[in-house]
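Novice: Got a file for you: my_file-v3.cif, mmCIF, C-alpha atoms.
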```
data_my_file
#
loop_
_atom_site.label_atom_id
_atom_site.label_comp_id
_atom_site.auth_asym_id
_atom_site.auth_seq_id
_atom_site.Cartn_x
_atom_site.Cartn_y
_atom_site.Cartn_z
CA MET A 1 22.17 -18.56 -1.82
CA ALA A 2 19.73 -17.43 -4.44
CA ASN A 3 19.69 -13.72 -5.11
CA LEU A 4 16.43 -11.92 -5.10
CA ASP A 5 15.76 -9.60 -7.96
CA LEU A 6 12.08 -8.79 -8.16
CA ASN A 7 12.67 -6.81 -11.32
CA ASN A 8 13.66 -9.97 -13.15
CA VAL A 9 11.50 -12.52 -11.48
CA ASP A 10 12.15 -16.03 -12.63
CA ASN A 11 9.31 -17.77 -14.47
CA MET A 12 9.77 -20.76 -12.25
CA PHE A 13 9.32 -18.68 -9.10
CA PHE A 14 6.18 -17.28 -10.65
CA ASP A 15 4.90 -20.83 -11.12
CA VAL A 16 5.75 -21.71 -7.54
CA LEU A 17 3.93 -18.67 -6.26
CA ARG A 18 0.96 -19.60 -8.44
CA GLU A 19 1.03 -23.09 -6.94
CA ILE A 20 1.09 -21.65 -3.42
CA GLY A 21 -1.80 -19.45 -4.49
CA ASN A 22 -3.66 -22.43 -5.93
CA ILE A 23 -3.33 -24.68 -2.89
CA GLY A 24 -3.85 -21.74 -0.54
CA ALA A 25 -7.01 -20.60 -2.29
CA GLY A 26 -8.25 -24.22 -2.32
CA ASN A 27 -7.76 -24.49 1.43
CA ALA A 28 -9.31 -21.07 1.96
CA ALA A 29 -12.36 -22.03 -0.13
CA THR A 30 -12.82 -25.20 1.94
CA SER A 31 -12.69 -23.18 5.18
CA LEU A 32 -15.04 -20.54 3.78
CA ALA A 33 -17.46 -23.26 2.59
CA GLN A 34 -17.54 -24.72 6.10
CA MET A 35 -18.13 -21.33 7.70
CA LEU A 36 -20.84 -20.32 5.25
CA GLN A 37 -22.23 -23.84 4.85
CA THR A 38 -22.32 -23.57 1.10
CA LYS A 39 -20.19 -24.65 -1.86
CA VAL A 40 -17.42 -22.20 -2.76
CA ASP A 41 -15.66 -22.29 -6.16
CA ILE A 42 -12.33 -20.62 -6.87
CA SER A 43 -10.75 -19.28 -10.02
CA VAL A 44 -7.20 -20.10 -11.11
CA PRO A 45 -5.08 -17.56 -9.23
CA LYS A 46 -3.57 -14.77 -11.26
CA ILE A 47 -0.18 -13.41 -10.22
CA ASP A 48 0.30 -9.71 -10.84
CA LEU A 49 3.77 -8.19 -10.89
CA LEU A 50 3.08 -4.49 -10.49
CA GLU A 51 5.01 -1.26 -10.80
CA PHE A 52 4.33 0.87 -7.72
CA ARG A 53 2.43 3.43 -9.77
CA GLU A 54 0.10 0.63 -10.96
CA VAL A 55 -0.53 -0.77 -7.47
CA GLY A 56 -3.60 1.30 -6.66
CA GLU A 57 -5.27 0.59 -9.96
CA ALA A 58 -4.83 -3.17 -9.64
CA MET A 59 -7.89 -3.54 -7.43
CA GLY A 60 -10.03 -1.05 -9.35
CA GLY A 61 -8.67 2.35 -8.38
CA GLU A 62 -6.70 3.90 -5.52
CA GLU A 63 -9.84 5.34 -3.94
CA LEU A 64 -11.89 2.15 -3.97
CA LEU A 65 -12.95 1.27 -0.43
CA VAL A 66 -11.36 -2.02 0.63
CA ALA A 67 -10.93 -4.08 3.76
CA GLY A 68 -7.35 -5.20 4.41
CA ILE A 69 -6.40 -7.82 6.95
CA TYR A 70 -2.74 -7.63 7.88
CA LEU A 71 -0.61 -10.08 9.84
CA ARG A 72 3.08 -10.14 10.66
CA ILE A 73 4.75 -13.53 10.21
CA GLU A 74 7.63 -15.01 12.17
CA GLY A 75 9.54 -18.27 12.38
CA ASP A 76 11.73 -19.58 9.54
CA LEU A 77 10.09 -16.93 7.43
CA ASN A 78 9.76 -13.30 8.55
CA GLY A 79 7.64 -10.63 6.97
CA SER A 80 3.99 -9.90 6.49
CA ILE A 81 0.89 -11.16 4.77
CA MET A 82 -2.23 -9.27 3.72
CA PHE A 83 -5.62 -10.29 2.39
CA LEU A 84 -7.77 -7.66 0.69
CA MET A 85 -11.28 -7.51 -0.67
CA GLU A 86 -13.70 -4.77 -1.65
CA GLU A 87 -15.59 -3.27 1.27
CA LYS A 88 -18.80 -4.31 -0.49
CA SER A 89 -17.69 -7.96 -0.52
CA ALA A 90 -16.60 -7.74 3.10
CA HIS A 91 -20.10 -6.57 4.06
CA GLU A 92 -21.68 -9.43 2.12
CA LEU A 93 -19.39 -11.97 3.71
CA VAL A 94 -19.98 -10.90 7.32
CA ALA A 95 -23.71 -10.54 6.70
CA ARG A 96 -23.89 -14.11 5.46
CA LEU A 97 -21.60 -15.40 8.17
CA MET A 98 -23.68 -13.77 10.88
CA GLY A 99 -26.93 -14.67 9.14
CA ALA A 100 -28.25 -11.12 9.04
CA GLN A 101 -28.26 -8.03 6.91
CA THR A 102 -25.74 -5.47 8.08
CA HIS A 103 -27.38 -2.46 9.67
CA ASP A 104 -25.29 0.12 7.89
CA GLU A 105 -23.69 -0.03 4.46
CA HIS A 106 -20.83 2.25 5.33
CA SER A 107 -19.55 1.05 8.65
CA PHE A 108 -18.93 -2.17 10.50
CA SER A 109 -20.06 -2.90 14.06
CA GLU A 110 -17.53 -4.21 16.59
CA MET A 111 -18.89 -7.72 16.12
CA GLU A 112 -18.71 -7.45 12.34
CA LEU A 113 -15.13 -6.24 12.61
CA SER A 114 -14.09 -9.25 14.66
CA ALA A 115 -15.92 -11.59 12.27
CA LEU A 116 -14.01 -9.98 9.42
CA LYS A 117 -10.72 -10.40 11.27
CA GLU A 118 -11.54 -14.05 11.78
CA ILE A 119 -12.32 -14.52 8.08
CA GLY A 120 -8.99 -12.86 7.25
CA ASN A 121 -7.25 -15.05 9.76
CA ILE A 122 -8.66 -18.22 8.20
CA ILE A 123 -7.94 -17.17 4.63
CA THR A 124 -4.37 -16.03 5.28
CA GLY A 125 -3.83 -19.13 7.43
CA ALA A 126 -4.82 -21.30 4.46
CA TYR A 127 -2.21 -19.61 2.26
CA LEU A 128 0.46 -19.78 4.95
CA ASN A 129 -0.21 -23.49 5.41
CA SER A 130 0.34 -24.18 1.74
CA LEU A 131 3.52 -22.09 1.78
CA SER A 132 4.74 -23.87 4.90
CA THR A 133 4.05 -27.30 3.37
CA LEU A 134 5.73 -26.49 0.05
CA THR A 135 8.85 -24.97 1.59
CA ASN A 136 8.96 -27.11 4.72
CA MET A 137 9.42 -23.92 6.74
CA ARG A 138 7.86 -23.06 10.05
CA ILE A 139 5.66 -19.94 9.83
CA THR A 140 3.85 -18.34 12.77
CA PRO A 141 1.38 -15.52 12.08
CA SER A 142 0.56 -12.72 14.55
CA VAL A 143 -2.98 -11.77 15.50
CA PRO A 144 -4.80 -10.17 12.56
CA ASP A 145 -5.15 -6.41 12.25
CA LEU A 146 -7.90 -4.87 10.16
CA CYS A 147 -8.24 -1.60 8.27
CA VAL A 148 -11.03 -0.34 6.00
CA ASP A 149 -9.91 2.57 3.84
CA MET A 150 -8.84 3.53 0.31
CA ALA A 151 -7.06 0.75 -1.62
CA GLY A 152 -4.05 2.96 -2.30
CA ALA A 153 -3.56 3.75 1.39
CA ILE A 154 -3.88 0.14 2.53
CA LEU A 155 -1.71 -1.24 -0.27
CA SER A 156 0.98 1.32 0.58
CA VAL A 157 1.84 -0.86 3.58
CA PRO A 158 3.01 -3.98 1.66
CA ALA A 159 4.22 -1.76 -1.22
CA ILE A 160 6.62 0.01 1.16
CA GLU A 161 7.88 -3.37 2.39
CA PHE A 162 8.50 -4.42 -1.24
CA GLY A 163 10.05 -0.99 -1.81
CA GLU A 164 12.93 -1.87 0.46
CA MET A 165 13.81 -4.72 -1.93
CA GLY A 166 12.95 -3.49 -5.39
CA ASP A 167 10.63 -1.49 -7.58
CA LYS A 168 7.78 -3.95 -8.02
CA MET A 169 5.17 -5.69 -5.96
CA LEU A 170 3.73 -9.21 -6.31
CA MET A 171 0.04 -9.79 -5.72
CA ILE A 172 -2.07 -12.96 -6.04
CA GLU A 173 -5.62 -12.48 -7.27
CA THR A 174 -8.30 -15.15 -6.76
CA THR A 175 -12.04 -15.07 -7.25
CA PHE A 176 -14.21 -16.95 -4.74
CA THR A 177 -17.70 -17.76 -5.98
CA ASP A 178 -20.69 -19.22 -4.23
CA PHE A 179 -23.87 -17.29 -4.95
CA ALA A 180 -21.93 -14.08 -4.78
CA THR A 181 -18.52 -13.35 -6.27
CA ILE A 182 -15.68 -12.11 -4.13
CA ASP A 183 -12.42 -10.92 -5.64
CA GLY A 184 -9.72 -11.58 -3.09
CA TYR A 185 -6.20 -10.18 -3.27
CA PHE A 186 -3.36 -11.64 -1.36
CA VAL A 187 0.06 -10.09 -0.77
CA LEU A 188 2.95 -11.96 0.80
CA VAL A 189 6.06 -9.97 1.72
CA PRO A 190 8.93 -11.98 3.14
CA ASP A 191 11.85 -9.82 4.27
CA LEU A 192 15.01 -10.06 2.17
CA PRO A 193 16.82 -12.86 4.10
CA SER A 194 13.55 -14.83 4.22
CA TYR A 195 13.05 -14.44 0.49
CA ASN A 196 16.41 -16.00 -0.18
CA LYS A 197 15.71 -18.79 2.32
CA MET A 198 12.36 -19.41 0.65
CA LEU A 199 13.92 -19.63 -2.82
CA SER A 200 16.57 -22.05 -1.56
CA ALA A 201 13.95 -24.17 0.18
CA LEU A 202 12.08 -24.41 -3.11
CA GLY A 203 15.30 -25.36 -4.89
CA LEU A 204 15.40 -22.23 -7.06
CA MET B 1 -9.85 25.22 -15.49
CA GLY B 2 -6.45 23.66 -15.89
CA GLU B 3 -5.51 20.06 -16.21
CA MET B 4 -5.20 17.72 -13.20
CA ILE B 5 -1.95 15.79 -13.44
CA LYS B 6 -1.83 12.46 -11.62
CA VAL B 7 1.16 11.37 -9.57
CA GLY B 8 1.50 7.64 -8.80
CA MET B 9 3.15 5.89 -5.88
CA ALA B 10 6.93 6.45 -5.91
CA ASP B 11 6.44 9.10 -8.57
CA LEU B 12 6.75 12.90 -8.93
CA LYS B 13 5.40 15.52 -11.34
CA ILE B 14 5.66 19.26 -11.76
CA CYS B 15 3.05 21.61 -13.20
CA ILE B 16 2.43 25.27 -13.94
CA SER B 17 -0.78 27.09 -13.04
CA PRO B 18 -3.65 26.74 -14.04
CA ASN B 19 -2.70 23.05 -14.01
CA ALA B 20 -2.72 21.15 -10.73
CA VAL B 21 -1.27 17.90 -9.39
CA THR B 22 -2.96 15.10 -7.45
CA THR B 23 -2.13 11.78 -5.84
CA LEU B 24 -4.78 9.29 -4.70
CA GLY B 25 -4.92 7.23 -1.53
CA LEU B 26 -1.79 8.22 0.35
CA GLY B 27 -1.22 5.82 3.25
CA SER B 28 2.13 5.65 5.00
CA CYS B 29 3.66 7.43 2.01
CA VAL B 30 4.06 11.22 2.11
CA GLY B 31 2.84 13.70 -0.51
CA VAL B 32 5.27 16.64 -0.65
CA ALA B 33 3.82 19.68 -2.41
CA ILE B 34 6.13 22.59 -3.30
CA ARG B 35 5.38 25.87 -5.06
CA ASP B 36 7.02 29.08 -6.15
CA PRO B 37 4.29 31.70 -5.56
CA GLN B 38 5.70 34.11 -8.11
CA THR B 39 6.10 31.88 -11.18
CA LYS B 40 3.23 29.61 -9.99
CA VAL B 41 5.36 26.58 -10.74
CA GLY B 42 4.39 23.72 -8.45
CA GLY B 43 5.13 20.07 -7.95
CA LEU B 44 4.16 16.99 -5.99
CA ALA B 45 6.27 14.00 -4.92
CA HIS B 46 4.73 10.76 -3.56
CA VAL B 47 7.60 9.27 -1.54
CA MET B 48 7.49 5.76 0.02
CA LEU B 49 10.64 5.42 2.06
CA PRO B 50 12.79 7.84 4.08
CA ASN B 51 16.33 7.08 3.00
CA SER B 52 17.78 6.01 -0.36
CA LYS B 53 21.10 5.15 1.26
CA ALA B 54 19.49 2.45 3.45
CA VAL B 55 18.33 0.44 0.42
CA ASN B 56 20.39 -1.33 -2.25
CA ASN B 57 17.89 -0.98 -5.03
CA ASN B 58 17.59 2.81 -5.28
CA SER B 59 17.42 3.54 -9.00
CA ASN B 60 14.00 5.26 -8.72
CA VAL B 61 14.81 8.60 -7.05
CA ALA B 62 11.11 9.43 -6.61
CA LYS B 63 10.71 6.51 -4.19
CA PHE B 64 12.70 8.13 -1.38
CA ALA B 65 12.24 11.28 0.68
CA ASP B 66 15.88 12.34 0.47
CA THR B 67 16.32 11.95 -3.30
CA GLY B 68 12.68 12.56 -4.34
CA VAL B 69 12.39 16.06 -2.85
CA VAL B 70 15.77 17.08 -4.31
CA GLU B 71 14.70 15.85 -7.76
CA LEU B 72 11.34 17.64 -7.50
CA VAL B 73 13.09 20.93 -6.67
CA ARG B 74 15.57 20.40 -9.52
CA GLN B 75 12.76 19.89 -12.04
CA MET B 76 10.89 22.92 -10.71
CA GLU B 77 14.00 25.09 -11.06
CA LYS B 78 14.37 23.88 -14.63
CA ALA B 79 10.78 25.02 -15.25
CA GLY B 80 11.61 28.53 -13.99
CA ALA B 81 10.94 28.33 -10.24
CA VAL B 82 13.39 29.95 -7.83
CA ARG B 83 14.53 27.97 -4.80
CA ARG B 84 14.55 30.84 -2.26
CA ARG B 85 10.90 31.60 -3.00
CA MET B 86 9.74 28.00 -2.68
CA VAL B 87 7.38 26.93 0.11
CA ALA B 88 6.10 23.45 0.96
CA LYS B 89 3.06 21.67 2.36
CA ILE B 90 3.05 18.02 3.36
CA ALA B 91 0.42 15.31 3.94
CA GLY B 92 0.30 11.56 4.62
CA GLY B 93 2.63 9.43 6.70
CA ALA B 94 -0.25 7.59 8.36
CA GLN B 95 0.04 4.39 10.30
CA MET B 96 -2.67 2.28 8.69
CA PHE B 97 -2.33 -0.73 11.00
CA ALA B 98 -1.62 -0.85 14.73
CA LEU B 99 0.74 -3.78 14.04
CA GLN B 100 2.94 -1.39 12.10
CA SER B 101 4.01 0.22 15.36
CA LYS B 102 5.58 -3.00 16.70
CA SER B 103 9.10 -1.86 15.92
CA GLU B 104 10.92 1.36 15.11
CA LEU B 105 11.58 0.00 11.63
CA MET B 106 7.86 -0.42 11.05
CA GLN B 107 6.88 3.14 11.90
CA VAL B 108 7.64 4.07 8.34
CA GLY B 109 4.93 6.76 8.10
CA ARG B 110 6.43 8.79 10.90
CA ARG B 111 9.96 8.22 9.59
CA ASN B 112 8.89 9.38 6.12
CA VAL B 113 7.52 12.63 7.57
CA GLU B 114 10.73 13.24 9.54
CA ALA B 115 12.91 12.56 6.50
CA VAL B 116 10.87 14.95 4.33
CA LYS B 117 11.19 17.71 6.96
CA GLU B 118 14.92 17.17 7.16
CA VAL B 119 15.55 17.40 3.43
CA LEU B 120 13.29 20.48 3.10
CA LYS B 121 15.27 22.14 5.90
CA GLU B 122 18.55 21.33 4.15
CA LEU B 123 17.20 22.88 0.96
CA GLY B 124 16.05 25.98 2.89
CA ILE B 125 12.38 25.47 1.98
CA SER B 126 9.94 26.21 4.78
CA ILE B 127 6.83 24.16 5.52
CA LEU B 128 3.69 26.30 5.65
CA SER B 129 1.36 23.57 6.89
CA GLU B 130 1.02 19.84 7.27
CA ASP B 131 -1.60 17.13 7.76
CA THR B 132 0.33 14.02 8.73
CA GLY B 133 0.23 10.91 10.89
CA LEU B 134 -2.93 9.34 12.38
CA ASP B 135 -4.42 6.18 10.90
CA TYR B 136 -6.29 6.95 7.70
CA GLY B 137 -5.66 7.39 3.98
CA ARG B 138 -5.62 10.73 2.18
CA THR B 139 -6.21 11.85 -1.40
CA VAL B 140 -4.52 15.19 -2.09
CA GLU B 141 -4.79 17.91 -4.74
CA PHE B 142 -2.31 20.77 -5.01
CA TYR B 143 -3.05 24.02 -6.85
CA PRO B 144 0.08 26.10 -7.59
CA GLU B 145 -2.09 29.13 -8.45
CA THR B 146 -3.25 29.60 -4.83
CA GLY B 147 -1.05 27.14 -2.95
CA ASP B 148 -4.18 25.33 -1.74
CA TYR B 149 -3.50 21.76 -0.70
CA VAL B 150 -6.87 19.95 -0.60
CA ILE B 151 -7.09 16.76 1.47
CA LYS B 152 -9.90 14.19 1.18
CA SER B 153 -10.33 11.20 3.50
CA VAL B 154 -13.01 8.55 3.89
CA GLY B 155 -15.84 9.68 6.19
CA LYS B 156 -14.22 13.04 6.96
CA PRO B 157 -14.90 16.54 5.68
CA VAL B 158 -12.64 17.84 2.92
CA LYS B 159 -9.98 20.16 4.28
CA THR B 160 -7.67 22.68 2.70
CA ILE B 161 -4.34 23.45 4.31
#
```
Can you dump the structure from the file as structure tokens?
Specialist:
Amino acid sequence: MANLDLNNVDNMFFDVLREIGNIGAGNAATSLAQMLQTKVDISVPKIDLLEFREVGEAMGGEELLVAGIYLRIEGDLNGSIMFLMEEKSAHELVARLMGAQTHDEHSFSEMELSALKEIGNIITGAYLNSLSTLTNMRITPSVPDLCVDMAGAILSVPAIEFGEMGDKMLMIETTFTDFATIDGYFVLVPDLPSYNKMLSALGL
Amino acid sequence: MGEMIKVGMADLKICISPNAVTTLGLGSCVGVAIRDPQTKVGGLAHVMLPNSKAVNNNSNVAKFADTGVVELVRQMEKAGAVRRRMVAKIAGGAQMFALQSKSELMQVGRRNVEAVKEVLKELGISILSEDTGLDYGRTVEFYPETGDYVIKSVGKPVKTI
């Protein structure tokens, strides 16, 4: 069994994660394009390996307002998955999806919140599909849960889960572009046994 | 005006008045602020997990409630603070997502708060006030001169405990 050491992450595992990010973002862009009925381009995903004290700054400051969509995952792989974007981008996305300007810049209506959850569901689902295909593992996500708050506070949730394994956190960064630009951040946290299973499944 | 010293996640810093310490966007983590009112030596620890003994990779003492608070007190004593005069204030330990409550293991915010209280009790340091739990993030600033612990959250008035 492969041994996880996030402090000395293998270059090859990095490449695999990038590939999952690539395929996942591709699938997510296709789904987004269908929902928004427009063409959506994606950037090459960037993988960030962060010290905990750098985590908050990674998205543009601990106090930046962000929307985080969080799902637990079960099956052959256990853990959690989170998709984050700036609150500003989240407003733009729901406004376009619902074909209207949002009534208030600083809060979301119930309907906007469920639209946002659905967007998160589709985007995380796209990543999980690519992971499931690459590893040949069965992965079942829970219903999505949404929180809009400071980046530091929201990122503390996956950071703590990484904290049980090591002193660093892995984050995938992808930019979605149509006529607006959305920086999306994606955090996958398999629990320790799942991590080892995942590495073995990938032949690492 | 003194300097504002920033404490990151899984990090701790001490300071002496007029300087102050801050940590931004506390979620399920807990910000433990301690001060010696006489020497005005203060410190802040941003702990992520309750127990260092439950985790294999525990080289960073500031990451855990049990080891982080002990280390903070040790550094404060080195800077001239006296343990029996020390008092504490705590903030954070929120549950950001409802899904986090699914299992005991997941209620890490609440467990962090409990672990901090336990280690402070063992060290004989009393807690003057706290602002913990609930479901939102907190930015905190601690001023060793007055002992003011200022808490800022999104869409809520600033409070001082």
Novice: What are the centre and edge lengths in Å, to one decimal, of the axis-aligned box around all listed atoms of range 37-43 of chain A with 8 Å added on each side, as AutoDock Vina command-line options?
Specialist:
```
--center_x -16.5 --center_y -22.0 --center_z -2.6 --size_x 27.6 --size_y 21.4 --size_z 30.9
```
Novice: Counting all atoms listed in the file, which residues of chain B come no farther than 6 Å from chain A, as a PDB file with C-alpha atoms, keeping the file's coordinate frame?
Specialist:
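Here's the written file selection17.pdb:
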```
ATOM      1  CA  GLY B   8       1.500   7.640  -8.800  1.00  0.00           C
ATOM      2  CA  MET B   9       3.150   5.890  -5.880  1.00  0.00           C
ATOM      3  CA  LEU B  24      -4.780   9.290  -4.700  1.00  0.00           C
ATOM      4  CA  GLY B  25      -4.920   7.230  -1.530  1.00  0.00           C
ATOM      5  CA  LEU B  26      -1.790   8.220   0.350  1.00  0.00           C
ATOM      6  CA  GLY B  27      -1.220   5.820   3.250  1.00  0.00           C
ATOM      7  CA  MET B  48       7.490   5.760   0.020  1.00  0.00           C
ATOM      8  CA  VAL B  55      18.330   0.440   0.420  1.00  0.00           C
ATOM      9  CA  ASN B  57      17.890  -0.980  -5.030  1.00  0.00           C
ATOM     10  CA  GLY B 137      -5.660   7.390   3.980  1.00  0.00           C
TER      11      GLY B 137
END
```
Novice: Measuring atom to atom with only C-alpha atoms, identify which of B:Leu49, B:Ile16, B:Met96, B:Ala65 is nearest to Ala67 in chain A.
Specialist: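 Between B:Leu49, B:Ile16, B:Met96, B:Ala65, the residue approaching Ala67 in chain A most closely is B:Met96.
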Novice: If you count only C-alpha atoms, which residues fall within 7 Å of range 83-93 of chain B, apart from same-chain ones fewer than 2 positions away, as a PyMOL selection string?
Specialist: chain B and resi 26-36+77+81+95+109-110+112-113+125-133+138
Novice: Just the residues within 12 Å of Thr124 in chain A, please, counting only C-alpha atoms, with nothing from its chain fewer than 3 positions along; format it as a ChimeraX atom specification.
Specialist: /A:20-21,23-29,31-32,68-73,80-84,117-121,127-131,139-145,172,184-188
Novice: With distances taken over only C-alpha atoms, which residue among A:Leu97, A:Ala126, A:Ile42, A:Met198 lies nearest Gly79 in chain A?
Specialist: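 Comparing A:Leu97, A:Ala126, A:Ile42, A:Met198 against Gly79 in chain A, the winner is A:Met198.
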Novice: Between B:Arg111, B:Thr22, B:Ser17, B:Lys53, which residue has the minimum interatomic distance to Ile5 in chain B, considering all atoms listed in the file?
Specialist: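 Once distances to Ile5 in chain B are computed over all atoms listed in the file, the minimum belongs to B:Thr22.
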Novice: Fewer than 3 positions away in the same chain doesn't count, so skip those; otherwise give me all residues within 8 Å of Val119 in chain B, counting only C-alpha atoms, as a PyMOL selection string.
Specialist: chain B and resi 65-66+69-70+115-116+122-123
Novice: Would you compute the distance between CA of Gly147 in chain B and CA of Gly2 in chain B? Give it in Å to one decimal.
Specialist: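 Answer for the CA of Gly147 in chain B to CA of Gly2 in chain B separation: 14.4 Å.
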Novice: Name the closest residue to Asp191 in chain A among the candidates A:Leu77, A:Ala95, A:Ile123, A:Ala90; distances are taken between atoms, counting only C-alpha atoms.
Specialist: A:Leu77
Novice: For a test of reading the model, state the distance in Å between CA of Val47 in chain B and CA of Asp11 in chain B, rounded to one decimal.
Specialist: 7.1 Å
Novice: Work out how far apart CA of Gln34 in chain A and CA of Gly125 in chain A are and give it in Å to one decimal.
Specialist: 14.9 Å
Novice: For the structure shown, which residues end up in the PyMOL selection byres ((chain A and resi 180) around 10)? Put them as a CSV table (one decimal) with C-alpha atoms, keeping the file's coordinate frame, please?
Specialist:
```csv
chain,number,residue,atom,x,y,z
A,40,VAL,CA,-17.4,-22.2,-2.8
A,89,SER,CA,-17.7,-8.0,-0.5
A,92,GLU,CA,-21.7,-9.4,2.1
A,93,LEU,CA,-19.4,-12.0,3.7
A,176,PHE,CA,-14.2,-17.0,-4.7
A,177,THR,CA,-17.7,-17.8,-6.0
A,178,ASP,CA,-20.7,-19.2,-4.2
A,179,PHE,CA,-23.9,-17.3,-5.0
A,181,THR,CA,-18.5,-13.4,-6.3
A,182,ILE,CA,-15.7,-12.1,-4.1
```
Novice: Ranking B:Ala98, B:Leu120, B:Val7, B:Met1 by minimum distance to Glu141 in chain B and counting only C-alpha atoms, which one comes first?
Specialist: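 When distances to Glu141 in chain B are compared using only C-alpha atoms, the smallest one comes from B:Val7.
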Novice: Please identify all polymer residues within 9 Å of Gly43 in chain B, counting all atoms listed in the file, omitting same-chain residues fewer than 4 positions from it, and present them as a compact mmCIF listing (two decimals) with C-alpha atoms, in the coordinates of the input.
Specialist:
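Just written: result.txt:
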```txt
# COMPACT_ATOMS: atom_id res chain seq x y z
CA LEU B 12 6.75 12.90 -8.93
CA LYS B 13 5.40 15.52 -11.34
CA ILE B 14 5.66 19.26 -11.76
CA CYS B 15 3.05 21.61 -13.20
CA ILE B 16 2.43 25.27 -13.94
CA ALA B 20 -2.72 21.15 -10.73
CA VAL B 21 -1.27 17.90 -9.39
CA VAL B 32 5.27 16.64 -0.65
CA ALA B 33 3.82 19.68 -2.41
CA ILE B 34 6.13 22.59 -3.30
CA ARG B 35 5.38 25.87 -5.06
CA LEU B 72 11.34 17.64 -7.50
CA VAL B 73 13.09 20.93 -6.67
CA GLN B 75 12.76 19.89 -12.04
CA MET B 76 10.89 22.92 -10.71
CA PHE B 142 -2.31 20.77 -5.01
CA PRO B 144 0.08 26.10 -7.59
```
Novice: Using all atoms listed in the file, which residues sit within 12 Å of Gly99 in chain A once same-chain residues fewer than 2 positions away are excluded, as number ranges by chain?
Specialist: A: 35-37, 91-97, 101-102, 112, 115
Novice: Between A:Leu113, A:Met85, A:Val66, A:Leu192, which has the minimum distance to Met98 in chain A (counting all atoms listed in the file)?
Specialist: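 Among the listed residues, the smallest separation from Met98 in chain A belongs to A:Leu113.
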